[in-house]
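Engineer: This is entry_31.cif (mmCIF, C-alpha atoms).
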```cif
data_model
loop_
_atom_site.label_atom_id
_atom_site.label_comp_id
_atom_site.auth_asym_id
_atom_site.auth_seq_id
_atom_site.Cartn_x
_atom_site.Cartn_y
_atom_site.Cartn_z
CA MET K 1 -146.28 47.85 19.89
CA ILE K 2 -146.73 44.09 19.82
CA LYS K 3 -149.43 44.47 17.19
CA ARG K 4 -147.11 46.48 14.94
CA MET K 5 -144.38 43.89 15.37
CA LEU K 6 -146.73 41.08 14.35
CA ILE K 7 -147.88 43.00 11.28
CA MET K 8 -144.24 43.58 10.20
CA LEU K 9 -143.37 39.91 10.64
CA VAL K 10 -146.38 38.86 8.59
CA LEU K 11 -145.41 41.26 5.79
CA VAL K 12 -141.79 40.03 5.79
CA GLY K 13 -143.02 36.44 5.68
CA LEU K 14 -145.27 37.22 2.74
CA VAL K 15 -142.40 38.89 0.83
CA LEU K 16 -139.96 36.04 1.47
CA GLY K 17 -142.60 33.46 0.60
CA GLY K 18 -143.25 35.23 -2.69
CA ILE K 19 -139.55 35.30 -3.56
CA PHE K 20 -138.97 31.63 -2.76
CA GLY K 21 -142.15 30.68 -4.57
CA PHE K 22 -141.05 32.53 -7.69
CA ILE K 23 -137.62 30.84 -7.64
CA ASN K 24 -139.24 27.42 -7.26
CA PHE K 25 -141.70 28.17 -10.06
CA LYS K 26 -138.89 29.30 -12.35
CA ALA K 27 -136.85 26.15 -11.69
CA ARG K 28 -139.86 23.93 -12.27
CA MET K 29 -140.73 25.63 -15.55
CA THR K 30 -137.07 25.44 -16.75
CA LYS K 31 -136.93 21.74 -15.99
CA GLN K 32 -140.23 21.20 -17.76
CA PHE K 33 -138.96 23.08 -20.82
CA MET K 34 -135.72 21.14 -20.95
CA THR K 35 -137.52 17.83 -20.53
CA ALA K 36 -139.92 18.68 -23.31
CA GLY K 37 -137.10 19.71 -25.67
CA GLY K 38 -134.81 16.69 -24.96
CA GLU K 39 -130.99 16.45 -25.37
CA PRO K 40 -129.80 18.02 -28.63
CA SER K 41 -128.40 15.68 -31.27
CA GLN K 42 -124.66 15.82 -32.05
CA THR K 43 -123.43 15.71 -35.65
CA VAL K 44 -120.87 12.96 -36.34
CA SER K 45 -119.39 11.06 -39.27
CA THR K 46 -119.54 7.27 -39.43
CA LEU K 47 -118.04 4.33 -41.28
CA VAL K 48 -119.48 0.85 -41.64
CA ALA K 49 -116.92 -1.61 -40.25
CA SER K 50 -115.80 -4.30 -42.70
CA HIS K 51 -113.11 -6.93 -43.10
CA GLN K 52 -109.92 -6.18 -45.06
CA ASP K 53 -106.97 -8.38 -45.93
CA TRP K 54 -103.89 -7.47 -43.91
CA GLN K 55 -100.45 -8.70 -44.88
CA PRO K 56 -98.36 -9.00 -41.68
CA LYS K 57 -95.29 -6.82 -42.06
CA GLN K 58 -92.23 -5.71 -40.15
CA SER K 59 -91.06 -2.15 -40.81
CA ALA K 60 -88.01 -0.18 -39.77
CA VAL K 61 -85.99 2.85 -40.77
CA GLY K 62 -82.56 2.00 -42.13
CA SER K 63 -79.44 3.71 -43.43
CA LEU K 64 -78.01 3.16 -46.89
CA ARG K 65 -74.35 2.47 -47.56
CA ALA K 66 -72.42 1.38 -50.62
CA VAL K 67 -71.39 -2.23 -51.00
CA GLN K 68 -67.98 -0.74 -51.80
CA GLY K 69 -67.19 2.77 -50.65
CA VAL K 70 -63.96 4.42 -49.48
CA GLU K 71 -62.30 7.75 -48.88
CA ILE K 72 -59.35 7.63 -51.30
CA SER K 73 -56.00 8.65 -49.83
CA ALA K 74 -52.30 8.18 -50.52
CA GLU K 75 -50.17 5.76 -48.51
CA VAL K 76 -47.17 8.13 -48.55
CA SER K 77 -46.70 11.87 -48.27
CA GLY K 78 -45.56 14.08 -51.11
CA GLN K 79 -46.23 17.04 -53.34
CA ILE K 80 -49.00 16.62 -55.93
CA SER K 81 -47.66 16.91 -59.46
CA GLN K 82 -50.63 15.66 -61.51
CA ILE K 83 -54.37 15.10 -61.01
CA TYR K 84 -55.91 12.77 -63.58
CA PHE K 85 -59.60 12.80 -62.60
CA GLN K 86 -62.58 15.14 -62.74
CA GLN K 87 -64.69 15.37 -59.62
CA GLY K 88 -67.96 13.48 -59.84
CA GLN K 89 -66.88 11.32 -62.78
CA PRO K 90 -67.16 7.50 -62.93
CA VAL K 91 -63.85 5.64 -62.92
CA GLN K 92 -62.70 2.08 -63.57
CA ALA K 93 -60.72 -0.12 -61.22
CA GLY K 94 -56.98 0.60 -61.56
CA GLN K 95 -57.48 3.96 -63.28
CA PRO K 96 -54.77 6.54 -62.28
CA LEU K 97 -56.17 9.37 -60.16
CA LEU K 98 -53.27 11.36 -58.75
CA GLN K 99 -49.47 11.50 -59.07
CA LEU K 100 -47.10 12.66 -56.33
CA ARG K 101 -43.69 14.08 -57.24
CA ALA K 102 -41.33 11.10 -57.50
CA ASP K 103 -38.11 12.43 -59.08
CA ASP K 104 -35.93 11.38 -56.13
CA GLU K 105 -37.47 7.93 -55.95
CA GLN K 106 -37.06 7.44 -59.69
CA ALA K 107 -33.38 8.42 -59.52
CA ARG K 108 -32.76 6.04 -56.64
CA LEU K 109 -34.51 3.26 -58.59
CA SER K 110 -32.14 3.87 -61.50
CA ALA K 111 -29.14 3.62 -59.16
CA LEU K 112 -30.40 0.42 -57.61
CA THR K 113 -31.06 -1.03 -61.07
CA ALA K 114 -27.46 -0.32 -62.06
CA THR K 115 -26.18 -1.96 -58.85
CA ALA K 116 -28.31 -5.01 -59.57
CA LYS K 117 -26.94 -5.29 -63.10
CA LEU K 118 -23.39 -5.26 -61.72
CA ALA K 119 -24.34 -7.89 -59.14
CA GLN K 120 -25.84 -10.00 -61.92
CA ILE K 121 -22.65 -9.79 -63.98
CA THR K 122 -20.48 -10.60 -60.94
CA TYR K 123 -22.60 -13.62 -60.08
CA GLN K 124 -22.52 -14.95 -63.64
CA ARG K 125 -18.70 -14.55 -63.71
CA SER K 126 -18.37 -16.27 -60.34
CA GLN K 127 -20.59 -19.11 -61.47
CA ALA K 128 -18.36 -19.70 -64.51
CA GLN K 129 -15.26 -19.68 -62.30
CA TRP K 130 -16.87 -22.06 -59.82
CA ASN K 131 -17.66 -24.47 -62.65
CA ALA K 132 -13.93 -24.36 -63.49
CA LYS K 133 -13.09 -24.98 -59.82
CA ALA K 134 -11.36 -21.59 -59.69
CA ILE K 135 -13.27 -20.16 -56.68
CA SER K 136 -14.84 -21.54 -53.56
CA GLN K 137 -18.50 -22.24 -52.92
CA GLN K 138 -18.50 -19.49 -50.29
CA THR K 139 -17.51 -16.85 -52.85
CA LEU K 140 -20.27 -18.02 -55.21
CA ASP K 141 -22.85 -17.95 -52.43
CA SER K 142 -21.75 -14.45 -51.39
CA ASP K 143 -22.12 -13.14 -54.96
CA LYS K 144 -25.59 -14.77 -55.19
CA ALA K 145 -26.67 -13.11 -51.93
CA ASN K 146 -25.45 -9.73 -53.20
CA LEU K 147 -27.56 -10.19 -56.34
CA ASP K 148 -30.64 -11.13 -54.32
CA ILE K 149 -30.19 -8.08 -52.07
CA ALA K 150 -29.86 -5.81 -55.10
CA LEU K 151 -33.06 -7.22 -56.65
CA ALA K 152 -34.91 -6.87 -53.35
CA ASN K 153 -33.83 -3.23 -53.11
CA ILE K 154 -35.21 -2.63 -56.60
CA ALA K 155 -38.55 -4.25 -55.62
CA ALA K 156 -38.76 -2.13 -52.43
CA GLN K 157 -37.96 1.06 -54.33
CA GLN K 158 -40.45 0.16 -57.08
CA ALA K 159 -43.16 -0.40 -54.45
CA LEU K 160 -42.43 3.03 -52.97
CA LEU K 161 -42.56 4.55 -56.44
CA ASP K 162 -45.88 2.84 -57.15
CA LYS K 163 -47.35 4.40 -53.98
CA LYS K 164 -46.67 7.81 -55.50
CA LEU K 165 -49.34 7.03 -58.10
CA VAL K 166 -52.82 6.74 -56.57
CA ARG K 167 -55.21 4.48 -58.52
CA ALA K 168 -58.94 3.69 -58.17
CA PRO K 169 -59.25 0.53 -56.04
CA PHE K 170 -62.55 -0.45 -57.71
CA THR K 171 -65.07 0.76 -60.26
CA GLY K 172 -67.36 3.48 -58.97
CA GLN K 173 -68.20 7.18 -58.95
CA LEU K 174 -65.95 9.85 -57.50
CA GLY K 175 -67.12 12.67 -55.29
CA LEU K 176 -65.71 16.13 -54.66
CA ARG K 177 -62.00 16.78 -55.17
CA ASN K 178 -60.32 17.86 -51.93
CA VAL K 179 -56.78 18.56 -53.21
CA ASP K 180 -54.99 20.67 -55.82
CA VAL K 181 -51.82 20.44 -57.93
CA GLY K 182 -48.79 21.68 -56.02
CA GLN K 183 -50.29 20.91 -52.62
CA TYR K 184 -48.28 18.87 -50.14
CA LEU K 185 -50.38 15.83 -49.35
CA GLU K 186 -50.05 14.10 -46.00
CA ALA K 187 -50.36 10.32 -45.96
CA GLY K 188 -53.95 9.29 -45.24
CA LYS K 189 -55.53 12.65 -46.06
CA PRO K 190 -58.73 12.17 -48.13
CA ILE K 191 -58.38 13.01 -51.81
CA SER K 192 -61.98 12.22 -52.79
CA THR K 193 -64.67 9.70 -52.03
CA LEU K 194 -65.29 6.70 -54.29
CA GLN K 195 -68.63 4.89 -54.11
CA ALA K 196 -69.84 1.88 -56.10
CA LEU K 197 -73.53 2.68 -56.61
CA ASP K 198 -74.77 -0.32 -58.63
CA SER K 199 -75.60 -2.18 -55.40
CA LEU K 200 -76.28 -0.79 -51.95
CA TYR K 201 -76.61 -2.12 -48.43
CA ILE K 202 -79.32 -0.95 -46.07
CA ASP K 203 -78.71 -1.57 -42.37
CA PHE K 204 -81.66 -1.56 -39.95
CA PHE K 205 -82.85 -2.95 -36.63
CA LEU K 206 -85.90 -5.03 -35.69
CA PRO K 207 -87.07 -6.22 -32.25
CA GLN K 208 -85.94 -9.66 -31.17
CA GLN K 209 -89.56 -10.91 -31.30
CA ALA K 210 -89.32 -10.72 -35.11
CA LEU K 211 -86.43 -13.18 -35.34
CA PRO K 212 -88.61 -16.30 -35.99
CA LEU K 213 -90.13 -14.48 -38.98
CA LEU K 214 -86.84 -13.54 -40.64
CA ALA K 215 -84.47 -15.43 -42.91
CA THR K 216 -81.65 -14.62 -45.31
CA GLN K 217 -82.70 -14.13 -48.95
CA GLN K 218 -86.11 -12.93 -47.71
CA ALA K 219 -87.50 -10.16 -49.93
CA VAL K 220 -87.65 -6.59 -48.66
CA THR K 221 -89.19 -3.40 -50.05
CA VAL K 222 -87.40 -0.10 -49.57
CA LYS K 223 -88.96 3.35 -49.93
CA SER K 224 -87.25 6.72 -49.76
CA ASP K 225 -88.93 10.07 -49.30
CA ALA K 226 -86.76 11.30 -52.18
CA TYR K 227 -88.77 9.01 -54.50
CA PRO K 228 -92.14 8.52 -52.74
CA ASP K 229 -93.79 6.88 -55.76
CA GLN K 230 -91.08 4.27 -56.36
CA ASP K 231 -90.34 1.02 -54.54
CA PHE K 232 -86.86 -0.51 -54.45
CA THR K 233 -86.58 -4.25 -53.88
CA GLY K 234 -83.84 -6.32 -52.31
CA THR K 235 -83.14 -9.32 -50.11
CA ILE K 236 -81.87 -9.84 -46.59
CA SER K 237 -78.20 -10.76 -46.85
CA VAL K 238 -77.09 -10.85 -43.20
CA ILE K 239 -78.84 -11.29 -39.84
CA SER K 240 -76.55 -10.38 -36.97
CA PRO K 241 -75.80 -13.32 -34.65
CA LYS K 242 -75.98 -10.94 -31.68
CA VAL K 243 -78.91 -9.03 -30.13
CA ASP K 244 -78.12 -5.60 -28.74
CA ALA K 245 -78.20 -5.92 -24.95
CA ASP K 246 -79.45 -2.34 -24.44
CA THR K 247 -82.31 -2.22 -26.95
CA ARG K 248 -83.02 -5.97 -27.45
CA ASN K 249 -82.98 -5.31 -31.19
CA VAL K 250 -81.21 -7.36 -33.83
CA GLN K 251 -79.35 -5.73 -36.71
CA LEU K 252 -80.02 -6.80 -40.28
CA ARG K 253 -78.46 -5.92 -43.62
CA ALA K 254 -80.27 -6.14 -46.93
CA THR K 255 -78.79 -5.78 -50.41
CA LEU K 256 -80.68 -3.97 -53.15
CA LYS K 257 -79.95 -3.17 -56.76
CA ASN K 258 -79.52 0.48 -57.72
CA PRO K 259 -78.96 0.45 -61.51
CA ASP K 260 -80.12 4.06 -62.01
CA HIS K 261 -77.97 5.34 -59.12
CA LYS K 262 -80.98 7.11 -57.63
CA LEU K 263 -80.24 6.05 -54.08
CA LEU K 264 -77.04 7.32 -52.49
CA PRO K 265 -75.02 6.12 -49.49
CA GLY K 266 -75.94 7.94 -46.31
CA MET K 267 -79.63 8.31 -47.17
CA TYR K 268 -82.24 6.90 -44.82
CA ALA K 269 -85.13 4.80 -46.07
CA THR K 270 -88.02 2.71 -44.79
CA VAL K 271 -87.66 -1.06 -45.01
CA THR K 272 -90.75 -3.29 -45.12
CA ILE K 273 -90.65 -7.08 -44.85
CA SER K 274 -93.75 -9.19 -45.53
CA THR K 275 -94.07 -12.02 -43.01
CA GLY K 276 -96.64 -14.83 -42.98
CA ALA K 277 -99.96 -15.17 -44.78
CA ALA K 278 -102.53 -12.40 -45.19
CA GLN K 279 -105.19 -12.07 -42.45
CA SER K 280 -108.78 -10.80 -42.70
CA LEU K 281 -109.29 -8.13 -40.01
CA ILE K 282 -111.87 -5.47 -39.22
CA THR K 283 -110.26 -2.13 -40.01
CA LEU K 284 -111.18 1.36 -38.78
CA PRO K 285 -109.68 4.83 -39.18
CA ARG K 286 -107.34 5.83 -36.36
CA THR K 287 -109.62 8.79 -35.61
CA ALA K 288 -112.42 6.38 -34.61
CA ILE K 289 -110.45 5.06 -31.62
CA SER K 290 -110.35 6.95 -28.32
CA PHE K 291 -107.28 5.85 -26.37
CA SER K 292 -107.10 6.24 -22.59
CA PRO K 293 -105.38 4.58 -19.61
CA TYR K 294 -108.62 2.72 -18.93
CA GLY K 295 -108.83 1.17 -22.40
CA SER K 296 -109.59 1.97 -26.01
CA THR K 297 -113.19 2.76 -26.97
CA VAL K 298 -115.35 3.50 -29.99
CA TYR K 299 -118.91 4.74 -30.40
CA ILE K 300 -121.30 2.55 -32.40
CA VAL K 301 -124.41 4.18 -33.87
CA SER K 302 -127.68 2.25 -33.55
CA GLU K 303 -131.41 2.97 -33.94
CA ASN K 304 -133.53 3.87 -30.91
CA GLY K 305 -137.10 3.96 -32.14
CA LYS K 306 -138.82 6.49 -34.42
CA ASP K 307 -139.54 10.17 -34.09
CA ASP K 308 -142.91 11.91 -34.73
CA LYS K 309 -142.21 11.96 -38.46
CA GLY K 310 -141.37 8.25 -38.62
CA ASN K 311 -137.63 8.75 -39.04
CA ALA K 312 -135.22 6.53 -37.12
CA LYS K 313 -133.71 8.09 -34.00
CA LEU K 314 -129.99 7.35 -33.73
CA ILE K 315 -127.96 7.07 -30.55
CA ALA K 316 -124.28 6.39 -29.89
CA LYS K 317 -123.26 3.50 -27.65
CA GLN K 318 -119.76 3.24 -26.26
CA SER K 319 -117.87 -0.01 -26.78
CA PHE K 320 -114.45 -1.09 -25.49
CA VAL K 321 -112.19 -2.53 -28.19
CA THR K 322 -108.86 -4.32 -28.52
CA THR K 323 -106.67 -2.91 -31.26
CA GLY K 324 -104.01 -4.66 -33.30
CA ALA K 325 -101.47 -3.54 -35.88
CA SER K 326 -101.75 -0.27 -37.75
CA ARG K 327 -100.83 0.89 -41.24
CA GLY K 328 -101.11 4.49 -42.34
CA ASP K 329 -104.48 5.89 -41.30
CA GLN K 330 -105.87 2.42 -40.59
CA ILE K 331 -105.88 0.35 -37.43
CA ALA K 332 -107.03 -3.24 -36.96
CA VAL K 333 -109.69 -4.00 -34.33
CA LEU K 334 -109.48 -7.49 -32.86
CA ASN K 335 -112.71 -7.40 -30.82
CA GLY K 336 -115.41 -4.99 -29.69
CA VAL K 337 -116.68 -4.20 -33.19
CA ALA K 338 -118.50 -6.49 -35.62
CA ALA K 339 -118.65 -6.26 -39.39
CA GLY K 340 -121.57 -4.05 -40.39
CA ASP K 341 -121.45 -1.81 -37.28
CA ALA K 342 -121.68 1.91 -38.00
CA VAL K 343 -118.74 3.35 -36.08
CA VAL K 344 -118.31 7.06 -35.31
CA THR K 345 -115.12 8.31 -37.01
CA SER K 346 -115.21 11.99 -36.00
CA GLY K 347 -117.10 14.11 -33.49
CA GLN K 348 -116.99 11.53 -30.67
CA ILE K 349 -115.44 14.03 -28.27
CA LYS K 350 -118.95 15.51 -27.87
CA LEU K 351 -120.57 12.16 -27.09
CA HIS K 352 -121.39 10.07 -24.06
CA ASN K 353 -123.07 6.69 -23.84
CA GLY K 354 -126.60 7.12 -25.23
CA SER K 355 -126.12 10.50 -26.91
CA PRO K 356 -128.51 11.17 -29.81
CA VAL K 357 -126.62 11.77 -33.05
CA LEU K 358 -127.07 13.00 -36.60
CA VAL K 359 -124.87 11.45 -39.29
CA ASN K 360 -123.10 13.66 -41.83
CA ASN K 361 -120.49 11.90 -44.00
CA SER K 362 -119.76 14.77 -46.37
CA LEU K 363 -116.21 15.15 -44.96
CA PRO K 364 -114.98 11.68 -43.96
CA PRO K 365 -111.54 11.37 -42.29
CA SER K 366 -108.57 9.93 -44.17
CA PHE K 367 -108.61 6.13 -44.36
CA GLN K 368 -105.57 5.19 -46.47
CA PRO K 369 -103.06 2.39 -45.76
CA ASN K 370 -100.23 4.49 -47.24
CA PRO K 371 -101.18 8.16 -46.92
CA GLN K 372 -99.05 10.69 -48.74
CA PRO K 373 -98.76 14.41 -47.94
CA VAL K 374 -100.51 16.70 -50.42
CA ASP K 375 -98.61 19.71 -51.76
CA HIS K 376 -100.76 22.81 -52.12
#
```
Output the structure of this file as structure tokens.
Structural biologist:
Amino acid sequence: MIKRMLIMLVLVGLVLGGIFGFINFKARMTKQFMTAGGEPSQTVSTLVASHQDWQPKQSAVGSLRAVQGVEISAEVSGQISQIYFQQGQPVQAGQPLLQLRADDEQARLSALTATAKLAQITYQRSQAQWNAKAISQQTLDSDKANLDIALANIAAQQALLDKKLVRAPFTGQLGLRNVDVGQYLEAGKPISTLQALDSLYIDFFLPQQALPLLATQQAVTVKSDAYPDQDFTGTISVISPKVDADTRNVQLRATLKNPDHKLLPGMYATVTISTGAAQSLITLPRTAISFSPYGSTVYIVSENGKDDKGNAKLIAKQSFVTTGASRGDQIAVLNGVAAGDAVVTSGQIKLHNGSPVLVNNSLPPSFQPNPQPVDH
């Protein structure tokens, strides 16, 4: 019995030893194969870092408004009897636009005019009698006061009558007509909008740190997505004397010419202000920078000996960088990259420090300071 037990134990030991030996052999052979083959190379695109001239700029999004722009309305209420304008047409300052019914006011003006004429005649008669010492000074003064009151009543009635005729307050372009003939118009209700389009304001905000770089009459460039290929120029006309306490931004207003009336009040546009002298900075595509809470990094490609065929073996080395301003697809690198370094611009997500790489620049990433969308 003991002999059989020993034989069984020996056989079990031999079986287990064979299994563990095979597993160890397999692991050793796999490691040997992997070591012989080496880490596979990752395909990346690169760009040789170089210096470019950067013009320091301040940019913001602003809102356009007319230098002169109002919603036209009547000062008094009344029924519309005539409309003298076509919607959308240009008008001149003082041009009649709309007439309210004024028959009652005109009749009252005629009555007041007649009363004034009688007061004028009475005063002239009293003046002649006073010269002849036939009446007292008090009577003459009373007749003069009656004449002045009558003339004042005419002026007040004429002013009311004038309010029945709505005129253009300045030269500009009208908008949509909001009223019709025969409609009762309440005082203050908009009739149409009138905008002077030859010059426009653009209001925008910049951070308070930009204040030392700003001055009135400083040139600005304005771009609108409605006209992406055209720049509009103007100058800073007002810098607010107050910084917003919530945002710490200062409001600015620039004036720009709009002779073709392409820009309209209410549009938004991008304002760019050139500040200071141009700087020479190393510039990389945004895609080359890996941003993380621990810092910004790039991968720089360098040679690491030769292969069996005499070709250079390339590896990627990670480098921490300090970034500066950006424009479009470009970003300035203040340190961490030198001119002439081959920097990985795409494919770095597959890399670690020391990864072997293959360079393929057939599809480089966008690297434009002012990229524009492409319509397909």
Engineer: Quick one: which residues end up in the PyMOL selection byres ((chain K and resi 293-298) around 6) for this structure, as a PDB file with C-alpha atoms, keeping the file's coordinate frame?
Structural biologist:
```pdb
ATOM      1  CA  ILE K 289    -110.450   5.060 -31.620  1.00  0.00           C
ATOM      2  CA  SER K 290    -110.350   6.950 -28.320  1.00  0.00           C
ATOM      3  CA  PHE K 291    -107.280   5.850 -26.370  1.00  0.00           C
ATOM      4  CA  SER K 292    -107.100   6.240 -22.590  1.00  0.00           C
ATOM      5  CA  TYR K 299    -118.910   4.740 -30.400  1.00  0.00           C
ATOM      6  CA  GLN K 318    -119.760   3.240 -26.260  1.00  0.00           C
ATOM      7  CA  SER K 319    -117.870  -0.010 -26.780  1.00  0.00           C
ATOM      8  CA  PHE K 320    -114.450  -1.090 -25.490  1.00  0.00           C
ATOM      9  CA  VAL K 321    -112.190  -2.530 -28.190  1.00  0.00           C
TER      10      VAL K 321
END
```
Engineer: Could you tell me which residues the PyMOL selection byres ((chain K and resi 215) around 9) grabs in this file, written as a CSV table (one decimal) with C-alpha atoms, in the frame of the given file?
Structural biologist:
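Result written to result09.csv:
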```csv
chain,number,residue,atom,x,y,z
K,211,LEU,CA,-86.4,-13.2,-35.3
K,212,PRO,CA,-88.6,-16.3,-36.0
K,213,LEU,CA,-90.1,-14.5,-39.0
K,214,LEU,CA,-86.8,-13.5,-40.6
K,216,THR,CA,-81.6,-14.6,-45.3
K,217,GLN,CA,-82.7,-14.1,-49.0
K,218,GLN,CA,-86.1,-12.9,-47.7
K,236,ILE,CA,-81.9,-9.8,-46.6
K,237,SER,CA,-78.2,-10.8,-46.8
K,238,VAL,CA,-77.1,-10.8,-43.2
K,239,ILE,CA,-78.8,-11.3,-39.8
```
Engineer: Residues near K:Thr235, anyone? I mean within 7 Å using all atoms listed in the file, not counting same-chain ones fewer than 3 positions away, as number ranges by chain.
Structural biologist: K: 217-220, 254-256
Engineer: Quick check, in Å to one decimal: how far apart do atom CA of K:Ala134 and atom CA of K:Ile121 lie?
Structural biologist: 16.9 Å
Engineer: Hey, what's within 12 Å of K:Phe170 if we count all atoms listed in the file and toss same-chain stuff fewer than 2 positions away? As a ChimeraX atom specification, please?
Structural biologist: /K:67-70,72,90-97,167-168,172-174,193-197
Engineer: In Å, how far is it from atom CA of K:Val250 to atom CA of K:Pro207?
Structural biologist: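 So the two atoms, atom CA of K:Val250 and atom CA of K:Pro207, lie 6.2 Å apart.
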Engineer: Identify, on the basis of all atoms listed in the file, every residue whose closest approach to stretch 352-359 of chain K does not exceed 10 Å; exclude the query and any residue fewer than 3 positions from it along the same chain; express the result as a ChimeraX atom specification.
Structural biologist: /K:38-46,299-304,313-319,344,347-349,362
Engineer: Could you check which of K:Arg327, K:Thr233, K:Pro365, K:Leu206 is closest to K:Asn249, using only C-alpha atoms?
Structural biologist: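 When distances to K:Asn249 are compared using only C-alpha atoms, the smallest one comes from K:Leu206.
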Engineer: Go through K:Leu200, K:Ala187, K:Ala145, K:Ile282 one by one, measure the shortest atom-to-atom distance of each to K:Arg253 using only C-alpha atoms, and give the residue with the smallest value.
Structural biologist: K:Leu200
Engineer: Identify all residues satisfying the PyMOL selection byres ((chain K and resi 160) around 10) in the given file; provide them as a ChimeraX atom specification.
Structural biologist: /K:75-76,102,105-106,109,154-159,161-165
Engineer: What is the distance, in Å and to one decimal place, between atom CA of K:Ala107 and atom CA of K:Ala74?
Structural biologist: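 Computed distance, atom CA of K:Ala107 to atom CA of K:Ala74, equals 21.0 Å.
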Engineer: So, counting all atoms listed in the file, which residue among K:Pro285, K:Gly310, K:Gly175, K:Gly182 is closest to K:Leu264?
Structural biologist: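 The closest residue to K:Leu264 is K:Gly175.
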Engineer: List as a ChimeraX atom specification the protein and nucleic acid residues near K:Gln52, meaning an atom at most 9 Å away when all atoms listed in the file are counted, but skip any in the same chain fewer than 5 places from it.
Structural biologist: /K:279-283
Engineer: Of the candidates K:Leu118, K:Leu185, K:Ile23, K:Ala269, which shows the shortest atom-to-atom distance to K:Ser73, using only C-alpha atoms?
Structural biologist: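 With only C-alpha atoms as the atom set, the closest residue is K:Leu185.
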Engineer: Just checking: using only C-alpha atoms, which residue out of K:Asp53, K:Asp180, K:Asp148, K:Asp225 ends up closest to K:Ser81?
Structural biologist: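 Selected residue with least distance to K:Ser81: K:Asp180.
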Engineer: K:Gly328: which residues within 9 Å, counting only C-alpha atoms, same-chain residues fewer than 5 positions away excluded, as an MDAnalysis selection string?
Structural biologist: chainID K and resid 286 367:371
Engineer: Which one is closest to K:Ala226: K:Ile331, K:Ala49, K:Ala245, K:Leu263? Count all atoms listed in the file.
Structural biologist: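 The shortest atom-to-atom distance to K:Ala226 comes from K:Leu263.
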Engineer: Could you add whatever atoms are missing so that stretch 311-322 of chain K carries N, CA and C atoms, then write the result as a compact mmCIF listing (two decimals), keeping the file's coordinate frame?
Structural biologist:
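This went into rebuild01.txt:
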```txt
# COMPACT_ATOMS: atom_id res chain seq x y z
N ASN K 311 -139.05 8.96 -38.74
CA ASN K 311 -137.63 8.75 -39.04
C ASN K 311 -136.95 8.06 -37.85
N ALA K 312 -135.92 7.26 -38.17
CA ALA K 312 -135.22 6.53 -37.12
C ALA K 312 -134.42 7.51 -36.25
N LYS K 313 -134.52 7.31 -34.94
CA LYS K 313 -133.71 8.09 -34.00
C LYS K 313 -132.43 7.30 -33.73
N LEU K 314 -131.30 8.00 -33.87
CA LEU K 314 -129.99 7.35 -33.73
C LEU K 314 -129.33 7.77 -32.43
N ILE K 315 -128.72 6.79 -31.76
CA ILE K 315 -127.96 7.07 -30.55
C ILE K 315 -126.59 6.40 -30.66
N ALA K 316 -125.63 6.93 -29.91
CA ALA K 316 -124.28 6.39 -29.89
C ALA K 316 -124.07 5.58 -28.62
N LYS K 317 -123.56 4.36 -28.79
CA LYS K 317 -123.26 3.50 -27.65
C LYS K 317 -121.76 3.24 -27.61
N GLN K 318 -121.19 3.42 -26.43
CA GLN K 318 -119.76 3.24 -26.26
C GLN K 318 -119.42 1.75 -26.16
N SER K 319 -118.31 1.38 -26.80
CA SER K 319 -117.87 -0.01 -26.78
C SER K 319 -116.35 -0.05 -26.60
N PHE K 320 -115.88 -0.89 -25.67
CA PHE K 320 -114.45 -1.09 -25.49
C PHE K 320 -113.93 -2.05 -26.57
N VAL K 321 -112.75 -1.74 -27.10
CA VAL K 321 -112.19 -2.53 -28.19
C VAL K 321 -110.74 -2.89 -27.87
N THR K 322 -110.28 -3.93 -28.56
CA THR K 322 -108.86 -4.32 -28.52
C THR K 322 -108.28 -4.08 -29.90
```
